[in-house]
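Next up, final-v2.tsv (TSV, C-alpha atoms):
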chain	number	residue	atom	x	y	z
A	18	MET	CA	8.21	7.56	-36.92
A	19	LEU	CA	8.66	5.33	-33.87
A	20	GLY	CA	5.71	3.24	-32.73
A	21	ARG	CA	3.56	3.86	-29.70
A	22	ARG	CA	5.14	2.99	-26.35
A	23	LEU	CA	3.89	2.99	-22.76
A	24	PRO	CA	6.88	4.20	-20.71
A	25	ALA	CA	8.04	2.55	-17.52
A	26	GLU	CA	7.42	4.61	-14.40
A	27	TRP	CA	11.15	4.93	-13.66
A	28	GLU	CA	11.82	6.73	-16.94
A	29	PRO	CA	12.34	10.53	-16.74
A	30	GLN	CA	9.19	12.35	-15.71
A	31	ALA	CA	7.89	15.83	-16.52
A	32	PHE	CA	5.59	16.10	-13.49
A	33	VAL	CA	3.29	14.20	-11.14
A	34	GLN	CA	-0.43	14.76	-10.55
A	35	LEU	CA	-2.20	14.69	-7.19
A	36	THR	CA	-5.97	15.17	-6.78
A	37	TRP	CA	-6.47	16.94	-3.46
A	38	PRO	CA	-8.78	15.73	-0.64
A	39	HIS	CA	-11.66	17.94	0.49
A	40	ALA	CA	-14.59	17.83	2.89
A	41	GLN	CA	-17.15	16.74	0.28
A	42	THR	CA	-15.42	13.38	-0.22
A	43	ASP	CA	-15.26	10.20	1.82
A	44	TRP	CA	-12.30	11.80	3.60
A	45	LYS	CA	-14.52	14.20	5.56
A	46	ASP	CA	-14.11	12.33	8.86
A	47	LEU	CA	-10.33	11.98	8.43
A	48	LEU	CA	-9.62	15.24	6.64
A	49	PRO	CA	-6.89	16.70	8.91
A	50	GLU	CA	-4.93	13.44	8.87
A	51	VAL	CA	-5.24	12.90	5.12
A	52	LEU	CA	-4.30	16.51	4.36
A	53	THR	CA	-1.11	16.03	6.39
A	54	CYS	CA	-0.33	12.91	4.33
A	55	TYR	CA	-0.94	14.72	1.04
A	56	GLN	CA	1.16	17.68	2.12
A	57	GLN	CA	4.02	15.29	2.86
A	58	MET	CA	3.59	13.61	-0.52
A	59	ALA	CA	3.52	16.97	-2.29
A	60	ALA	CA	6.60	18.25	-0.50
A	61	GLU	CA	8.56	15.11	-1.32
A	62	ILE	CA	7.52	15.10	-4.99
A	63	LEU	CA	8.54	18.76	-5.24
A	64	ARG	CA	12.03	17.85	-4.07
A	65	HIS	CA	12.38	15.92	-7.33
A	66	GLU	CA	10.11	17.37	-10.03
A	67	PRO	CA	7.14	19.67	-10.75
A	68	LEU	CA	3.69	18.90	-9.39
A	69	LEU	CA	0.16	19.33	-10.73
A	70	ILE	CA	-2.56	19.61	-8.09
A	71	VAL	CA	-6.21	19.11	-9.04
A	72	ALA	CA	-8.30	20.84	-6.38
A	73	ALA	CA	-12.07	21.12	-5.99
A	74	GLU	CA	-11.86	24.16	-3.73
A	75	ASP	CA	-10.74	27.57	-4.90
A	76	GLU	CA	-7.56	27.82	-2.90
A	77	ASP	CA	-3.87	26.96	-3.02
A	78	PRO	CA	-3.41	23.67	-1.13
A	79	LEU	CA	0.29	24.38	-0.55
A	80	ALA	CA	-0.04	28.00	0.54
A	81	PHE	CA	1.15	26.87	3.97
A	82	ALA	CA	4.74	26.70	2.66
A	83	PRO	CA	5.21	29.23	-0.16
A	84	GLY	CA	8.55	29.31	-1.91
A	85	SER	CA	10.02	26.38	-0.01
A	86	PHE	CA	10.21	23.88	-2.89
A	87	PRO	CA	12.95	23.48	-5.50
A	88	TYR	CA	10.41	22.68	-8.25
A	89	PRO	CA	7.23	24.57	-9.23
A	90	TYR	CA	3.65	23.43	-8.87
A	91	SER	CA	0.42	24.33	-10.64
A	92	VAL	CA	-3.14	24.13	-9.34
A	93	VAL	CA	-6.15	23.41	-11.56
A	94	HIS	CA	-9.58	23.81	-9.97
A	95	CYS	CA	-12.48	21.57	-10.97
A	96	PRO	CA	-15.12	19.37	-9.27
A	97	THR	CA	-13.87	16.02	-7.93
A	98	ASN	CA	-15.49	12.97	-6.34
A	99	ASP	CA	-12.37	11.54	-4.74
A	100	THR	CA	-8.58	11.62	-4.73
A	101	TRP	CA	-7.30	8.52	-6.55
A	102	ALA	CA	-5.45	10.19	-9.43
A	103	ARG	CA	-3.84	6.91	-10.50
A	104	ASP	CA	-7.19	5.71	-11.77
A	105	HIS	CA	-8.86	8.81	-13.19
A	106	ALA	CA	-5.84	10.62	-14.64
A	107	PHE	CA	-4.55	10.42	-18.20
A	108	ILE	CA	-2.53	7.35	-19.15
A	109	SER	CA	0.39	8.74	-21.16
A	110	VAL	CA	2.09	7.05	-24.10
A	111	LEU	CA	4.92	8.23	-26.33
A	112	GLU	CA	4.72	8.05	-30.09
A	113	GLY	CA	7.96	9.13	-31.62
A	114	ASP	CA	8.75	12.41	-29.87
A	115	GLU	CA	5.08	13.20	-29.18
A	116	LEU	CA	3.19	12.80	-25.89
A	117	ARG	CA	-0.26	11.30	-26.32
A	118	LEU	CA	-2.65	11.69	-23.41
A	119	LEU	CA	-5.16	8.84	-23.37
A	120	ASP	CA	-8.44	9.63	-21.61
A	121	PHE	CA	-10.04	6.32	-20.65
A	122	GLN	CA	-13.35	5.94	-18.91
A	123	PHE	CA	-13.24	5.81	-15.12
A	124	ASN	CA	-16.43	4.40	-13.64
A	125	GLY	CA	-15.66	4.10	-9.94
A	126	TRP	CA	-14.01	0.64	-10.10
A	127	GLY	CA	-16.89	-1.11	-11.80
A	128	MET	CA	-19.65	1.28	-10.68
A	129	LYS	CA	-18.98	0.78	-6.98
A	130	PHE	CA	-18.65	4.51	-6.27
A	131	ALA	CA	-19.70	7.80	-7.83
A	132	ALA	CA	-17.22	8.99	-10.46
A	133	HIS	CA	-19.12	11.53	-12.56
A	134	HIS	CA	-16.80	14.39	-11.57
A	135	ASP	CA	-13.59	12.36	-11.63
A	136	ASN	CA	-14.37	11.09	-15.13
A	137	GLN	CA	-14.39	14.72	-16.33
A	138	ILE	CA	-11.10	15.82	-14.74
A	139	ASN	CA	-9.00	15.05	-17.81
A	140	SER	CA	-11.13	17.28	-20.03
A	141	TYR	CA	-10.61	20.15	-17.54
A	142	LEU	CA	-6.87	19.50	-17.52
A	143	TRP	CA	-6.70	19.48	-21.30
A	144	GLU	CA	-8.70	22.71	-21.61
A	145	GLN	CA	-6.37	24.41	-19.13
A	146	GLN	CA	-3.19	22.72	-20.40
A	147	ALA	CA	-2.75	21.34	-16.87
A	148	GLY	CA	-1.95	24.77	-15.52
A	149	GLY	CA	0.83	25.24	-18.07
A	150	LEU	CA	2.47	21.83	-17.57
A	151	LEU	CA	1.07	20.54	-20.88
A	152	ASN	CA	1.45	22.33	-24.21
A	153	SER	CA	-0.30	22.60	-27.55
A	154	GLU	CA	2.07	20.08	-29.14
A	155	ASP	CA	0.82	17.31	-26.85
A	156	ARG	CA	-2.00	15.19	-28.24
A	157	TYR	CA	-5.30	14.35	-26.53
A	158	GLU	CA	-6.99	11.03	-27.39
A	159	ASN	CA	-10.54	10.14	-26.39
A	160	HIS	CA	-10.77	6.51	-25.24
A	161	LEU	CA	-13.93	6.91	-23.18
A	162	ASP	CA	-15.45	3.87	-24.87
A	163	PHE	CA	-13.09	1.67	-22.79
A	164	VAL	CA	-12.81	1.41	-19.01
A	165	LEU	CA	-9.19	1.36	-17.83
A	166	GLU	CA	-7.64	2.44	-14.52
A	167	GLY	CA	-3.98	3.33	-14.24
A	168	GLY	CA	-3.56	1.17	-11.14
A	169	SER	CA	-4.64	-1.91	-13.07
A	170	ILE	CA	-1.63	-1.97	-15.43
A	171	GLU	CA	2.17	-2.04	-15.12
A	172	SER	CA	4.56	-1.36	-18.01
A	173	ASP	CA	8.23	-2.28	-18.31
A	174	GLY	CA	8.66	0.35	-21.05
A	175	LYS	CA	9.77	-2.37	-23.47
A	176	GLY	CA	6.42	-3.63	-24.69
A	177	THR	CA	5.29	-5.85	-21.82
A	178	LEU	CA	2.24	-5.14	-19.68
A	179	LEU	CA	1.49	-6.80	-16.33
A	180	THR	CA	-2.11	-6.97	-15.10
A	181	THR	CA	-4.70	-9.16	-13.34
A	182	THR	CA	-7.68	-11.08	-14.64
A	183	SER	CA	-9.60	-10.26	-11.46
A	184	CYS	CA	-9.69	-6.57	-12.36
A	185	LEU	CA	-9.74	-6.34	-16.13
A	186	LEU	CA	-12.33	-9.12	-16.43
A	187	ALA	CA	-14.42	-7.90	-13.47
A	188	PRO	CA	-18.12	-7.03	-13.85
A	189	ASN	CA	-19.15	-3.55	-14.99
A	190	ARG	CA	-15.86	-2.82	-16.71
A	191	ASN	CA	-15.82	-3.85	-20.38
A	192	GLU	CA	-18.42	-6.54	-20.91
A	193	PRO	CA	-19.06	-8.35	-23.13
A	194	LEU	CA	-15.38	-8.35	-24.09
A	195	GLY	CA	-13.48	-11.44	-23.01
A	196	LYS	CA	-9.83	-11.85	-22.10
A	197	ALA	CA	-8.51	-12.17	-25.66
A	198	GLU	CA	-10.51	-9.15	-26.82
A	199	ILE	CA	-9.38	-7.00	-23.89
A	200	GLU	CA	-5.78	-8.02	-24.50
A	201	ASN	CA	-6.12	-6.93	-28.10
A	202	GLU	CA	-7.55	-3.58	-26.99
A	203	LEU	CA	-4.60	-3.04	-24.64
A	204	LYS	CA	-2.13	-3.83	-27.40
A	205	CYS	CA	-3.80	-1.54	-29.92
A	206	ARG	CA	-4.44	1.40	-27.60
A	207	LEU	CA	-1.24	1.31	-25.54
A	208	GLY	CA	1.21	-0.07	-28.09
A	209	VAL	CA	2.25	-3.06	-25.98
A	210	GLU	CA	3.37	-6.36	-27.49
A	211	GLN	CA	2.94	-8.80	-24.60
A	212	VAL	CA	0.41	-8.97	-21.75
A	213	LEU	CA	1.22	-11.03	-18.65
A	214	TRP	CA	-1.94	-11.95	-16.72
A	215	LEU	CA	-1.93	-12.81	-13.02
A	216	HIS	CA	-4.78	-15.13	-12.03
A	217	HIS	CA	-3.90	-15.04	-8.32
A	218	GLY	CA	-3.34	-12.28	-5.81
A	219	HIS	CA	-5.89	-10.52	-3.63
A	220	LEU	CA	-5.70	-8.30	-0.57
A	221	MET	CA	-8.48	-8.25	1.99
A	222	GLY	CA	-10.27	-4.91	1.97
A	223	ASP	CA	-9.35	-4.14	-1.64
A	224	ASP	CA	-12.25	-2.68	-3.61
A	225	THR	CA	-10.47	-2.34	-6.98
A	226	ASP	CA	-10.93	-6.05	-7.86
A	227	GLY	CA	-7.19	-6.60	-7.61
A	228	HIS	CA	-5.17	-3.71	-9.02
A	229	ILE	CA	-1.72	-4.85	-10.01
A	230	ASP	CA	-0.10	-1.89	-8.23
A	231	THR	CA	-1.10	-3.41	-4.88
A	232	LEU	CA	0.48	-6.77	-5.73
A	233	ALA	CA	3.43	-6.76	-8.15
A	234	ARG	CA	5.43	-3.97	-9.81
A	235	PHE	CA	7.90	-3.81	-12.66
A	236	CYS	CA	11.32	-2.43	-11.71
A	237	PRO	CA	14.44	-1.79	-13.82
A	238	ASP	CA	16.56	-4.60	-15.29
A	239	ASP	CA	13.72	-7.12	-15.77
A	240	THR	CA	12.86	-7.12	-12.08
A	241	ILE	CA	9.47	-7.54	-10.38
A	242	ALA	CA	8.91	-6.52	-6.76
A	243	TYR	CA	5.92	-8.32	-5.30
A	244	VAL	CA	3.98	-8.85	-2.10
A	245	CYS	CA	5.06	-12.03	-0.30
A	246	CYS	CA	3.26	-13.57	2.66
A	247	LYS	CA	5.34	-15.94	4.79
A	248	ASP	CA	2.81	-16.51	7.55
A	249	LYS	CA	0.97	-19.75	6.78
A	250	ASP	CA	-1.79	-18.74	9.18
A	251	ASP	CA	-2.48	-15.51	7.30
A	252	GLU	CA	-5.58	-15.54	5.10
A	253	HIS	CA	-3.48	-14.24	2.20
A	254	TYR	CA	-0.90	-17.01	2.29
A	255	GLU	CA	-2.23	-19.55	-0.23
A	256	ASP	CA	-3.30	-17.08	-2.90
A	257	LEU	CA	-0.11	-15.02	-2.72
A	258	ALA	CA	1.96	-18.22	-2.87
A	259	GLN	CA	0.15	-19.09	-6.09
A	260	MET	CA	0.83	-15.58	-7.39
A	261	GLU	CA	4.53	-16.04	-6.62
A	262	LYS	CA	4.55	-19.21	-8.71
A	263	GLU	CA	2.90	-17.38	-11.59
A	264	LEU	CA	5.49	-14.60	-11.43
A	265	ALA	CA	8.29	-17.19	-11.47
A	266	SER	CA	6.79	-18.68	-14.65
A	267	PHE	CA	6.67	-15.37	-16.53
A	268	ARG	CA	9.26	-14.58	-19.16
A	269	THR	CA	10.45	-11.38	-20.77
A	270	ARG	CA	9.93	-10.88	-24.49
A	271	GLU	CA	13.49	-12.20	-24.86
A	272	GLY	CA	12.48	-15.41	-23.07
A	273	LYS	CA	14.32	-14.73	-19.81
A	274	PRO	CA	12.87	-15.18	-16.30
A	275	TYR	CA	12.34	-12.09	-14.20
A	276	ARG	CA	14.42	-11.27	-11.17
A	277	LEU	CA	11.94	-11.43	-8.29
A	278	ILE	CA	12.25	-9.33	-5.14
A	279	PRO	CA	9.74	-10.12	-2.37
A	280	LEU	CA	8.24	-7.31	-0.32
A	281	PRO	CA	7.03	-8.06	3.22
A	282	MET	CA	3.41	-8.02	4.30
A	283	PRO	CA	2.62	-5.45	7.00
A	284	ASP	CA	1.09	-6.83	10.15
A	285	PRO	CA	-2.71	-6.83	9.80
A	286	ILE	CA	-4.38	-3.42	10.16
A	287	PHE	CA	-8.12	-3.17	10.81
A	288	ASP	CA	-10.70	-0.41	10.58
A	289	GLU	CA	-13.05	0.68	13.34
A	290	VAL	CA	-15.48	-2.18	12.66
A	291	GLY	CA	-12.81	-4.88	12.50
A	292	MET	CA	-12.45	-5.19	8.72
A	293	ARG	CA	-8.92	-5.81	7.50
A	294	LEU	CA	-7.44	-2.99	5.41
A	295	PRO	CA	-5.35	-3.54	2.23
A	296	ALA	CA	-1.95	-2.36	3.46
A	297	THR	CA	0.78	-3.11	0.92
A	298	TYR	CA	4.33	-1.98	0.27
A	299	ALA	CA	3.90	-2.65	-3.46
A	300	ASN	CA	2.01	0.65	-3.74
A	301	PHE	CA	5.19	2.73	-4.07
A	302	LEU	CA	5.58	5.77	-6.33
A	303	ILE	CA	8.65	6.30	-8.51
A	304	VAL	CA	9.73	9.91	-9.13
A	305	ASN	CA	12.90	11.33	-10.64
A	306	GLY	CA	15.73	9.98	-8.53
A	307	ALA	CA	13.62	8.53	-5.71
A	308	VAL	CA	11.12	5.86	-4.76
A	309	LEU	CA	8.46	7.05	-2.33
A	310	TYR	CA	6.99	4.12	-0.46
A	311	PRO	CA	4.13	3.80	2.02
A	312	THR	CA	4.87	3.13	5.67
A	313	TYR	CA	2.35	1.91	8.25
A	314	ARG	CA	3.91	2.76	11.64
A	315	GLN	CA	5.49	-0.70	11.87
A	316	PRO	CA	9.17	0.31	12.12
A	317	ASP	CA	10.83	-3.07	11.62
A	318	ILE	CA	8.64	-4.11	8.68
A	319	ASP	CA	8.73	-0.61	7.16
A	320	ALA	CA	12.53	-0.75	7.28
A	321	LEU	CA	12.62	-4.22	5.69
A	322	ALA	CA	10.43	-2.97	2.85
A	323	ALA	CA	12.86	-0.09	2.31
A	324	ARG	CA	15.81	-2.47	2.12
A	325	GLN	CA	14.04	-4.66	-0.44
A	326	LEU	CA	13.09	-1.66	-2.54
A	327	GLN	CA	16.70	-0.48	-2.47
A	328	LEU	CA	17.65	-3.82	-4.04
A	329	ALA	CA	15.20	-3.13	-6.85
A	330	PHE	CA	16.25	0.52	-7.23
A	331	PRO	CA	19.94	0.73	-6.27
A	332	ASN	CA	20.34	4.17	-7.87
A	333	HIS	CA	17.29	5.75	-6.24
A	334	GLU	CA	16.75	7.33	-2.85
A	335	ILE	CA	14.15	5.33	-0.89
A	336	VAL	CA	11.80	7.62	1.05
A	337	GLY	CA	9.04	6.50	3.39
A	338	ILE	CA	5.76	8.39	3.74
A	339	ASP	CA	3.29	7.57	6.51
A	340	CYS	CA	0.22	6.29	4.63
A	341	LEU	CA	-1.68	4.68	7.47
A	342	VAL	CA	-4.58	7.10	6.96
A	343	LEU	CA	-4.80	6.32	3.23
A	344	ILE	CA	-5.62	2.67	3.66
A	345	HIS	CA	-8.71	3.63	5.65
A	346	GLN	CA	-10.16	4.47	2.24
A	347	HIS	CA	-8.62	1.29	0.77
A	348	GLY	CA	-5.81	2.91	-1.22
A	349	SER	CA	-2.24	3.96	-0.64
A	350	LEU	CA	0.54	6.13	-2.04
A	351	HIS	CA	0.74	5.00	-5.68
A	352	CYS	CA	-3.05	5.09	-5.97
A	353	SER	CA	-2.92	8.79	-5.10
A	354	ALA	CA	-0.60	9.97	-7.87
A	355	MET	CA	-0.01	9.78	-11.62
A	356	GLN	CA	3.25	10.54	-13.40
A	357	TYR	CA	3.62	12.17	-16.84
A	358	PRO	CA	6.71	11.25	-18.88
A	359	GLN	CA	9.27	13.65	-20.26
A	360	HIS	CA	9.38	13.94	-24.03
A	361	GLU	CA	11.10	16.03	-26.68
Produce structure tokens that represent the structure in this file.
Amino acid sequence: MLGRRLPAEWEPQAFVQLTWPHAQTDWKDLLPEVLTCYQQMAAEILRHEPLLIVAAEDEDPLAFAPGSFPYPYSVVHCPTNDTWARDHAFISVLEGDELRLLDFQFNGWGMKFAAHHDNQINSYLWEQQAGGLLNSEDRYENHLDFVLEGGSIESDGKGTLLTTTSCLLAPNRNEPLGKAEIENELKCRLGVEQVLWLHHGHLMGDDTDGHIDTLARFCPDDTIAYVCCKDKDDEHYEDLAQMEKELASFRTREGKPYRLIPLPMPDPIFDEVGMRLPATYANFLIVNGAVLYPTYRQPDIDALAARQLQLAFPNHEIVGIDCLVLIHQHGSLHCSAMQYPQHE
């Protein structure tokens, strides 16, 4: 029997999960715009693989375009607080030829926001076999004694995990556990062998305490794509420069340096009261055969981000999705979705 392994996101996927926006969430004032964004995400995912939609309202969110997708989708109805599937969905590991669905506790990013419904979504999905996308041979594991959000970890599929101290050691997550104890929990629960910790990297407006998927992402062939700020007058410059140095110091389990590909910073985007929003091109989503990346209506910088991502994923189609509305709730494309790996 092979040991437990946390797959890389670019490995073959069975389906992707989205949790659909509705009027009883923080999206109520932006609902038409965010629904358009989610419909675009759904349509693009369905060009490449099946889709699971978690919806609070008793309707088909994609009824507007029946029969127009090459892959099927399923809808599971249950109460939801919000839409950030990356953080409340199952984290999937492979053990031999079995899929193990790990249900960690989601507590609203350290008890900042209500999460009582979102923390129950996985139990609904398991009871309903995710609308037929899961099966009885898959294995459910209860890890609700440990707080862990999918956006806080990155796996290379080969036993190395990338994360940040600012998030995993943040208040109201897993106290009184310290860094060494949390690292041990990650190794035992996820089957990883090495944890690389970033001590630098923060985006203004971020309320996740520094999720790694906003900062630096594993890519194939021992590559890391990361946010790079070249404007010395930008408030992010010093901290992201320190993060870049940390990434350059990291080594694979074979002792080799990573190939680093910088992603541009979007020009600053502010909300209606002048607070800077956490726009980042690192929040891309990998699906079968494509990389979906967020765009922010900045054509030249959006295009540069696409070119850099093509360097990291030369065999993938690079597809932009307008995510300007998403950052008004301090997330972006990757935060909105969770992939489930293919298995025998």
Could you give me, as JSON lines, a per-residue list for region 147-193 of chain A showing, wherever an atom lies at most 9 Å from an atom of region 260-278 of chain A, the closest pair of atoms and their distance in Å to one decimal, using all atoms listed in the file and sorting by chain then residue number from low to high?
{"residue": "A:Lys175", "atom": "CA", "partner": "A:Arg270", "partner_atom": "CA", "distance": 8.6}
{"residue": "A:Gly176", "atom": "CA", "partner": "A:Arg270", "partner_atom": "CA", "distance": 8.1}
{"residue": "A:Thr177", "atom": "CA", "partner": "A:Arg270", "partner_atom": "CA", "distance": 7.3}
Two-atom distance - CA of Leu79 (chain A), CA of Ala60 (chain A) (Å):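 Interatomic distance here is 8.8 Å.
The interatomic distance for the pair CA of Asp238 (chain A) and CA of Leu179 (chain A) works out to 15.3 Å.
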Coordinates-based distance that separates CA of Arg22 (chain A) from CA of Tyr141 (chain A) (Å, one decimal): 24.9 Å
Cut-off 12 Å around (-3.7, 23.0, -16.3) with only C-alpha atoms: residues as JSON, numbers by chain: {"A": [32, 34, 68, 69, 70, 71, 72, 90, 91, 92, 93, 94, 95, 138, 139, 140, 141, 142, 143, 144, 145, 146, 147, 148, 149, 150, 151, 152, 153]}
Residues of region 191-246 of chain A within 9 Å of region 117-125 of chain A: nearest atom pair and distance (Å, one decimal) for each, counting all atoms listed in the file, sorted by chain and number, as JSON lines?
{"residue": "A:Arg206", "atom": "CA", "partner": "A:Leu119", "partner_atom": "CA", "distance": 8.6}
{"residue": "A:Leu207", "atom": "CA", "partner": "A:Leu119", "partner_atom": "CA", "distance": 8.8}
{"residue": "A:Thr225", "atom": "CA", "partner": "A:Gly125", "partner_atom": "CA", "distance": 8.8}
Could you pull out every residue with an atom within 9 Å of (-16.2, -3.7, -16.9), file coordinates, counting all atoms listed in the file, and send them as a short mmCIF file (atom, residue, chain, number, x, y, z; two decimals) with C-alpha atoms, in the coordinates of the input?
data_model
loop_
_atom_site.label_atom_id
_atom_site.label_comp_id
_atom_site.auth_asym_id
_atom_site.auth_seq_id
_atom_site.Cartn_x
_atom_site.Cartn_y
_atom_site.Cartn_z
CA ASN A 124 -16.43 4.40 -13.64
CA TRP A 126 -14.01 0.64 -10.10
CA GLY A 127 -16.89 -1.11 -11.80
CA MET A 128 -19.65 1.28 -10.68
CA PHE A 163 -13.09 1.67 -22.79
CA VAL A 164 -12.81 1.41 -19.01
CA LEU A 165 -9.19 1.36 -17.83
CA CYS A 184 -9.69 -6.57 -12.36
CA LEU A 185 -9.74 -6.34 -16.13
CA LEU A 186 -12.33 -9.12 -16.43
CA ALA A 187 -14.42 -7.90 -13.47
CA PRO A 188 -18.12 -7.03 -13.85
CA ASN A 189 -19.15 -3.55 -14.99
CA ARG A 190 -15.86 -2.82 -16.71
CA ASN A 191 -15.82 -3.85 -20.38
CA GLU A 192 -18.42 -6.54 -20.91
CA PRO A 193 -19.06 -8.35 -23.13
CA LEU A 194 -15.38 -8.35 -24.09
#
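All residues of protein, DNA or RNA that reach within 6 Å of Thr231 (chain A), judged by all atoms listed in the file and not counting those fewer than 2 positions away in the chain, are A:His228, A:Ile229, A:Ala299, A:Asn300.
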Nearest candidate to Leu63 (chain A) (options A:Gly20, A:Phe107, A:Val33, A:Ala197; using all atoms listed in the file):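 Among the listed residues, the smallest separation from Leu63 (chain A) belongs to A:Val33.
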Around all the atoms of region 260-274 of chain A listed in the file, with 8 Å of room on each side, what axis-aligned box do you get, giving centre and edge lengths in Å to one decimal, as AutoDock Vina command-line options?
--center_x 7.6 --center_y -15.0 --center_z -15.7 --size_x 29.5 --size_y 24.3 --size_z 34.2
Residues near region 336-351 of chain A, cut-off 7 Å, all atoms listed in the file, skip fewer than 5 positions along chain, as a list of chain:residue names: A:Glu50, A:Val51, A:Cys54, A:Arg103, A:Gly222, A:Asp223, A:Asp224, A:Asp288, A:Leu294, A:Pro295, A:Ala296, A:Asn300, A:Phe301, A:Leu302, A:Val308, A:Leu309, A:Tyr310, A:Pro311, A:Thr312, A:Tyr313
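With only C-alpha atoms as the atoms that count, the minimum distance from Ile286 (chain A) to the choices A:Ser353, A:Gln315, A:Thr53, A:Asn305 is reached by A:Gln315.
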Distance criterion (only C-alpha atoms): nearest to Glu76 (chain A) out of A:Trp101, A:Trp37, A:Tyr55, A:Tyr298: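 For Glu76 (chain A), the nearest of the given residues is A:Trp37.
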Among listed residues A:Gln41, A:Pro89, A:Ile170, A:Thr182, nearest His65 (chain A) (using all atoms listed in the file):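 Comparing A:Gln41, A:Pro89, A:Ile170, A:Thr182 against His65 (chain A), the winner is A:Pro89.
Of the listed residues (A:Gln356, A:Thr297, A:Gln56, A:Thr36), A:Thr36 comes nearest to Glu74 (chain A); the distances count only C-alpha atoms.
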Minimum-distance residue to Ala307 (chain A), chosen among A:Phe235, A:Phe130, A:Phe330, A:Tyr254 (using only C-alpha atoms):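 So, comparing all the options, the nearest one is A:Phe330.
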Mind filling out region 317-330 of chain A with N, CA, C and O atoms and sending it as a PDB file, keeping the file's coordinate frame?
ATOM      1  N   ASP A 317       9.977  -1.993  12.127  1.00  0.00           N
ATOM      2  CA  ASP A 317      10.830  -3.070  11.620  1.00  0.00           C
ATOM      3  C   ASP A 317      10.421  -3.510  10.223  1.00  0.00           C
ATOM      4  O   ASP A 317      11.273  -3.717   9.345  1.00  0.00           O
ATOM      5  N   ILE A 318       9.111  -3.657   9.994  1.00  0.00           N
ATOM      6  CA  ILE A 318       8.640  -4.110   8.680  1.00  0.00           C
ATOM      7  C   ILE A 318       8.782  -2.990   7.655  1.00  0.00           C
ATOM      8  O   ILE A 318       9.159  -3.237   6.500  1.00  0.00           O
ATOM      9  N   ASP A 319       8.510  -1.748   8.063  1.00  0.00           N
ATOM     10  CA  ASP A 319       8.730  -0.610   7.160  1.00  0.00           C
ATOM     11  C   ASP A 319      10.186  -0.575   6.699  1.00  0.00           C
ATOM     12  O   ASP A 319      10.475  -0.333   5.512  1.00  0.00           O
ATOM     13  N   ALA A 320      11.100  -0.808   7.618  1.00  0.00           N
ATOM     14  CA  ALA A 320      12.530  -0.750   7.280  1.00  0.00           C
ATOM     15  C   ALA A 320      12.918  -1.902   6.355  1.00  0.00           C
ATOM     16  O   ALA A 320      13.737  -1.722   5.441  1.00  0.00           O
ATOM     17  N   LEU A 321      12.348  -3.091   6.583  1.00  0.00           N
ATOM     18  CA  LEU A 321      12.620  -4.220   5.690  1.00  0.00           C
ATOM     19  C   LEU A 321      12.126  -3.924   4.281  1.00  0.00           C
ATOM     20  O   LEU A 321      12.811  -4.216   3.295  1.00  0.00           O
ATOM     21  N   ALA A 322      10.949  -3.342   4.170  1.00  0.00           N
ATOM     22  CA  ALA A 322      10.430  -2.970   2.850  1.00  0.00           C
ATOM     23  C   ALA A 322      11.378  -2.004   2.150  1.00  0.00           C
ATOM     24  O   ALA A 322      11.640  -2.127   0.942  1.00  0.00           O
ATOM     25  N   ALA A 323      11.916  -1.039   2.900  1.00  0.00           N
ATOM     26  CA  ALA A 323      12.860  -0.090   2.310  1.00  0.00           C
ATOM     27  C   ALA A 323      14.110  -0.789   1.791  1.00  0.00           C
ATOM     28  O   ALA A 323      14.615  -0.474   0.703  1.00  0.00           O
ATOM     29  N   ARG A 324      14.609  -1.744   2.554  1.00  0.00           N
ATOM     30  CA  ARG A 324      15.810  -2.470   2.120  1.00  0.00           C
ATOM     31  C   ARG A 324      15.537  -3.269   0.844  1.00  0.00           C
ATOM     32  O   ARG A 324      16.383  -3.323  -0.065  1.00  0.00           O
ATOM     33  N   GLN A 325      14.380  -3.884   0.757  1.00  0.00           N
ATOM     34  CA  GLN A 325      14.040  -4.660  -0.440  1.00  0.00           C
ATOM     35  C   GLN A 325      13.867  -3.745  -1.653  1.00  0.00           C
ATOM     36  O   GLN A 325      14.296  -4.089  -2.761  1.00  0.00           O
ATOM     37  N   LEU A 326      13.252  -2.601  -1.441  1.00  0.00           N
ATOM     38  CA  LEU A 326      13.090  -1.660  -2.540  1.00  0.00           C
ATOM     39  C   LEU A 326      14.438  -1.101  -2.995  1.00  0.00           C
ATOM     40  O   LEU A 326      14.640  -0.832  -4.187  1.00  0.00           O
ATOM     41  N   GLN A 327      15.367  -0.953  -2.078  1.00  0.00           N
ATOM     42  CA  GLN A 327      16.700  -0.480  -2.470  1.00  0.00           C
ATOM     43  C   GLN A 327      17.396  -1.501  -3.359  1.00  0.00           C
ATOM     44  O   GLN A 327      18.151  -1.129  -4.268  1.00  0.00           O
ATOM     45  N   LEU A 328      17.119  -2.794  -3.150  1.00  0.00           N
ATOM     46  CA  LEU A 328      17.650  -3.820  -4.040  1.00  0.00           C
ATOM     47  C   LEU A 328      17.099  -3.655  -5.453  1.00  0.00           C
ATOM     48  O   LEU A 328      17.812  -3.868  -6.445  1.00  0.00           O
ATOM     49  N   ALA A 329      15.836  -3.297  -5.547  1.00  0.00           N
ATOM     50  CA  ALA A 329      15.200  -3.130  -6.850  1.00  0.00           C
ATOM     51  C   ALA A 329      15.611  -1.827  -7.523  1.00  0.00           C
ATOM     52  O   ALA A 329      15.650  -1.750  -8.762  1.00  0.00           O
ATOM     53  N   PHE A 330      15.913  -0.809  -6.709  1.00  0.00           N
ATOM     54  CA  PHE A 330      16.250   0.520  -7.230  1.00  0.00           C
ATOM     55  C   PHE A 330      17.549   1.000  -6.587  1.00  0.00           C
ATOM     56  O   PHE A 330      17.548   1.919  -5.767  1.00  0.00           O
TER      57      PHE A 330
END
